[in-house]
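> First the structure, which I've put down as structure tokens, then a few questions once you've had a look.
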Amino acid sequence: MKKISRQILKILKNTVKKTLSSGLSAIALAVFAIVLVVYLNKDNKLEWNTKKGINPTPAQIKSIEAIGEWEFLAINDEELIDTVRRSIFGDSELVRIYYGTLRLGINLHKAKPRWLVAKGEKVTATLPAIELLDENFIDEARTKSFFESGKWTAADREALYQRAYANMRERCVSPENIETARKNAELQFRNLLQSMGYKEAEIIFEGEKDR
């Protein structure tokens, strides 16, 4: 590889000398600069196999995995929860409003070995399934009491929180939203891989190979 690189640099230098004498110095220097940048970054470039295909380097795969959690859909939601306690001394009522943002996406740290495989000019990426990226999606700082009468304990408020949490999760982590996130992920990953030089990119999600 070093021998080939030295030969390339030697050819480029000779080309620059010739073109300088013919008044094309700007073009020659531009070409030389581009190839020199490629040469200096040779450890990060794509590798071509004997069949003229592209192989992702370990460094490239790790740089993609380093993204970690990748969000493809965010759903802002709010939930109003109330409870009433009846007694002979009068009824007590507590109504609270909860706000949250549920983020759907993938965690590339969960990708299995050989999740990115290239063959010729085609690459296949097997991604982790779409999931809820953050389980603590309720913004407690924005939670407020809409109406409150009587005395309520911390346990009472926690019970309302859990009801709001379950309702928001069930409503937002729906098959429709998961499918939307999956399509967004497929589009963005295909664009990413094609920008790396692959003509064809196949995106598969774990557990969905028979879709």
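The chains in the structure tokens are called A, B, ... from first to last as shown; in each chain the residues are counted from 1, and the ligands are counted from 1 in the order shown.
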Find the residues near range 75-79 of chain A: any atom within 8 Å, counting only C-alpha atoms, skip ones fewer than 6 places away on the same chain, and give them as a ChimeraX atom specification.
/A:97-103,164,167-168,172
> Go ahead and compute the interatomic distance for CA of Arg169 in chain A and CA of Arg85 in chain A, in Å to one decimal.
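Here the two named atoms are 26.1 Å from each other.
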> Out of A:Gly150, A:Gly105, A:Pro56, A:Gly90, which residue has the shortest atom-to-atom distance to Pro128 in chain A when counting only C-alpha atoms?
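Comparing A:Gly150, A:Gly105, A:Pro56, A:Gly90 against Pro128 in chain A, the winner is A:Gly105.
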> So, counting only C-alpha atoms, which residue among A:Leu80, A:Ala154, A:Ala118, A:Ala125 is closest to Leu192 in chain A?
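Smallest separation from Leu192 in chain A among the options: A:Ala125.
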> Per DSSP on the backbone, what are the strand (DSSP E) residues of range 88-202 of chain A, as a PyMOL selection string?
chain A and resi 92-107+116-119+122-127+131-132+144-149+200-202
> Restricting the output to N, CA, C and O atoms, write the selected residues as a short mmCIF file (atom, residue, chain, number, x, y, z; two decimals), in the first residue's frame.

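Final output, saved to out-v4.cif:
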```cif
data_model
loop_
_atom_site.label_atom_id
_atom_site.label_comp_id
_atom_site.auth_asym_id
_atom_site.auth_seq_id
_atom_site.Cartn_x
_atom_site.Cartn_y
_atom_site.Cartn_z
N SER A 92 -63.27 14.64 48.75
CA SER A 92 -61.98 15.27 48.41
C SER A 92 -61.66 14.91 46.97
O SER A 92 -61.89 13.77 46.53
N GLU A 93 -61.14 15.86 46.24
CA GLU A 93 -60.84 15.63 44.82
C GLU A 93 -59.45 16.16 44.48
O GLU A 93 -59.03 17.21 44.95
N LEU A 94 -58.75 15.40 43.63
CA LEU A 94 -57.42 15.80 43.18
C LEU A 94 -57.34 15.59 41.67
O LEU A 94 -57.59 14.49 41.18
N VAL A 95 -57.03 16.65 40.96
CA VAL A 95 -56.89 16.60 39.51
C VAL A 95 -55.52 17.16 39.15
O VAL A 95 -55.19 18.30 39.51
N ARG A 96 -54.72 16.37 38.42
CA ARG A 96 -53.38 16.81 38.05
C ARG A 96 -53.16 16.62 36.54
O ARG A 96 -53.72 15.70 35.93
N ILE A 97 -52.33 17.50 35.99
CA ILE A 97 -52.00 17.44 34.57
C ILE A 97 -50.52 17.08 34.43
O ILE A 97 -49.65 17.69 35.06
N TYR A 98 -50.26 16.08 33.61
CA TYR A 98 -48.90 15.60 33.37
C TYR A 98 -48.51 15.84 31.91
O TYR A 98 -49.32 15.67 31.01
N TYR A 99 -47.24 16.24 31.73
CA TYR A 99 -46.71 16.47 30.39
C TYR A 99 -45.50 15.57 30.17
O TYR A 99 -44.72 15.31 31.10
N GLY A 100 -45.35 15.13 28.95
CA GLY A 100 -44.20 14.27 28.66
C GLY A 100 -43.86 14.24 27.18
O GLY A 100 -44.69 14.59 26.33
N THR A 101 -42.64 13.84 26.89
CA THR A 101 -42.18 13.65 25.51
C THR A 101 -41.63 12.24 25.39
O THR A 101 -40.66 11.89 26.08
N LEU A 102 -42.25 11.45 24.54
CA LEU A 102 -41.84 10.06 24.35
C LEU A 102 -41.04 9.97 23.05
O LEU A 102 -41.53 10.37 21.98
N ARG A 103 -39.82 9.47 23.15
CA ARG A 103 -38.90 9.43 22.02
C ARG A 103 -38.71 7.98 21.56
O ARG A 103 -38.28 7.13 22.35
N LEU A 104 -39.03 7.74 20.31
CA LEU A 104 -38.88 6.41 19.74
C LEU A 104 -37.66 6.39 18.81
O LEU A 104 -37.43 7.33 18.05
N GLY A 105 -36.90 5.32 18.89
CA GLY A 105 -35.71 5.21 18.05
C GLY A 105 -35.00 3.91 18.28
O GLY A 105 -35.60 2.93 18.75
N ILE A 106 -33.71 3.88 17.97
CA ILE A 106 -32.90 2.67 18.16
C ILE A 106 -31.68 3.00 19.01
O ILE A 106 -31.24 4.14 19.06
N ASN A 107 -31.17 1.98 19.67
CA ASN A 107 -29.94 2.11 20.44
C ASN A 107 -28.88 1.26 19.75
O ASN A 107 -28.90 0.03 19.83
N LEU A 116 -23.50 -4.83 10.20
CA LEU A 116 -23.30 -4.12 8.93
C LEU A 116 -22.42 -4.98 8.04
O LEU A 116 -21.25 -5.21 8.33
N VAL A 117 -23.02 -5.51 6.97
CA VAL A 117 -22.32 -6.44 6.09
C VAL A 117 -22.41 -5.95 4.65
O VAL A 117 -23.49 -5.61 4.16
N ALA A 118 -21.26 -5.91 3.99
CA ALA A 118 -21.22 -5.45 2.60
C ALA A 118 -20.87 -6.61 1.67
O ALA A 118 -20.08 -7.49 2.01
N LYS A 119 -21.48 -6.58 0.49
CA LYS A 119 -21.18 -7.56 -0.54
C LYS A 119 -21.25 -6.83 -1.88
O LYS A 119 -22.33 -6.46 -2.34
N LYS A 122 -23.42 -3.55 -2.52
CA LYS A 122 -24.61 -3.58 -1.67
C LYS A 122 -24.20 -3.77 -0.22
O LYS A 122 -23.29 -4.53 0.10
N VAL A 123 -24.89 -3.08 0.66
CA VAL A 123 -24.65 -3.22 2.09
C VAL A 123 -25.97 -3.51 2.79
O VAL A 123 -27.02 -2.98 2.42
N THR A 124 -25.92 -4.40 3.79
CA THR A 124 -27.10 -4.74 4.57
C THR A 124 -26.85 -4.37 6.02
O THR A 124 -25.86 -4.78 6.62
N ALA A 125 -27.76 -3.55 6.56
CA ALA A 125 -27.67 -3.14 7.96
C ALA A 125 -28.82 -3.76 8.73
O ALA A 125 -29.98 -3.57 8.38
N THR A 126 -28.48 -4.52 9.77
CA THR A 126 -29.50 -5.11 10.65
C THR A 126 -29.52 -4.31 11.94
O THR A 126 -28.61 -4.40 12.76
N LEU A 127 -30.55 -3.51 12.10
CA LEU A 127 -30.62 -2.57 13.22
C LEU A 127 -31.43 -3.14 14.38
O LEU A 127 -32.31 -3.97 14.18
N GLU A 131 -37.55 1.22 19.81
CA GLU A 131 -37.93 1.13 21.21
C GLU A 131 -38.14 2.53 21.79
O GLU A 131 -37.80 3.55 21.16
N LEU A 132 -38.70 2.58 22.99
CA LEU A 132 -38.81 3.82 23.73
C LEU A 132 -37.44 4.11 24.34
O LEU A 132 -36.95 3.35 25.17
N LYS A 144 -48.60 19.78 37.27
CA LYS A 144 -49.26 20.73 38.15
C LYS A 144 -50.65 20.23 38.54
O LYS A 144 -51.27 19.44 37.83
N SER A 145 -51.10 20.72 39.66
CA SER A 145 -52.44 20.38 40.12
C SER A 145 -53.44 21.31 39.44
O SER A 145 -53.33 22.54 39.51
N PHE A 146 -54.41 20.72 38.79
CA PHE A 146 -55.46 21.49 38.13
C PHE A 146 -56.54 21.87 39.13
O PHE A 146 -57.10 22.97 39.11
N PHE A 147 -56.79 20.93 40.05
CA PHE A 147 -57.77 21.18 41.12
C PHE A 147 -57.43 20.28 42.29
O PHE A 147 -57.07 19.11 42.10
N GLU A 148 -57.54 20.83 43.48
CA GLU A 148 -57.21 20.03 44.67
C GLU A 148 -58.06 20.49 45.84
O GLU A 148 -58.11 21.68 46.17
N SER A 149 -58.73 19.52 46.45
CA SER A 149 -59.50 19.80 47.67
C SER A 149 -59.28 18.66 48.64
O SER A 149 -59.16 17.49 48.26
N GLU A 200 -26.52 0.30 -3.28
CA GLU A 200 -27.73 -0.31 -2.76
C GLU A 200 -27.58 -0.56 -1.26
O GLU A 200 -26.58 -1.12 -0.82
N ALA A 201 -28.56 -0.13 -0.49
CA ALA A 201 -28.53 -0.32 0.96
C ALA A 201 -29.83 -0.97 1.42
O ALA A 201 -30.90 -0.45 1.16
N GLU A 202 -29.69 -2.12 2.07
CA GLU A 202 -30.85 -2.83 2.61
C GLU A 202 -30.90 -2.64 4.12
O GLU A 202 -29.90 -2.88 4.80
#
```
> Rounded to one decimal place, report the CA of Ile178 in chain A-CA of Glu158 in chain A distance in Å.
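Answer for the CA of Ile178 in chain A to CA of Glu158 in chain A separation: 28.2 Å.
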> Separation of CA of Ile204 in chain A and CA of Arg190 in chain A, in Å?
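So the two atoms, CA of Ile204 in chain A and CA of Arg190 in chain A, lie 10.7 Å apart.
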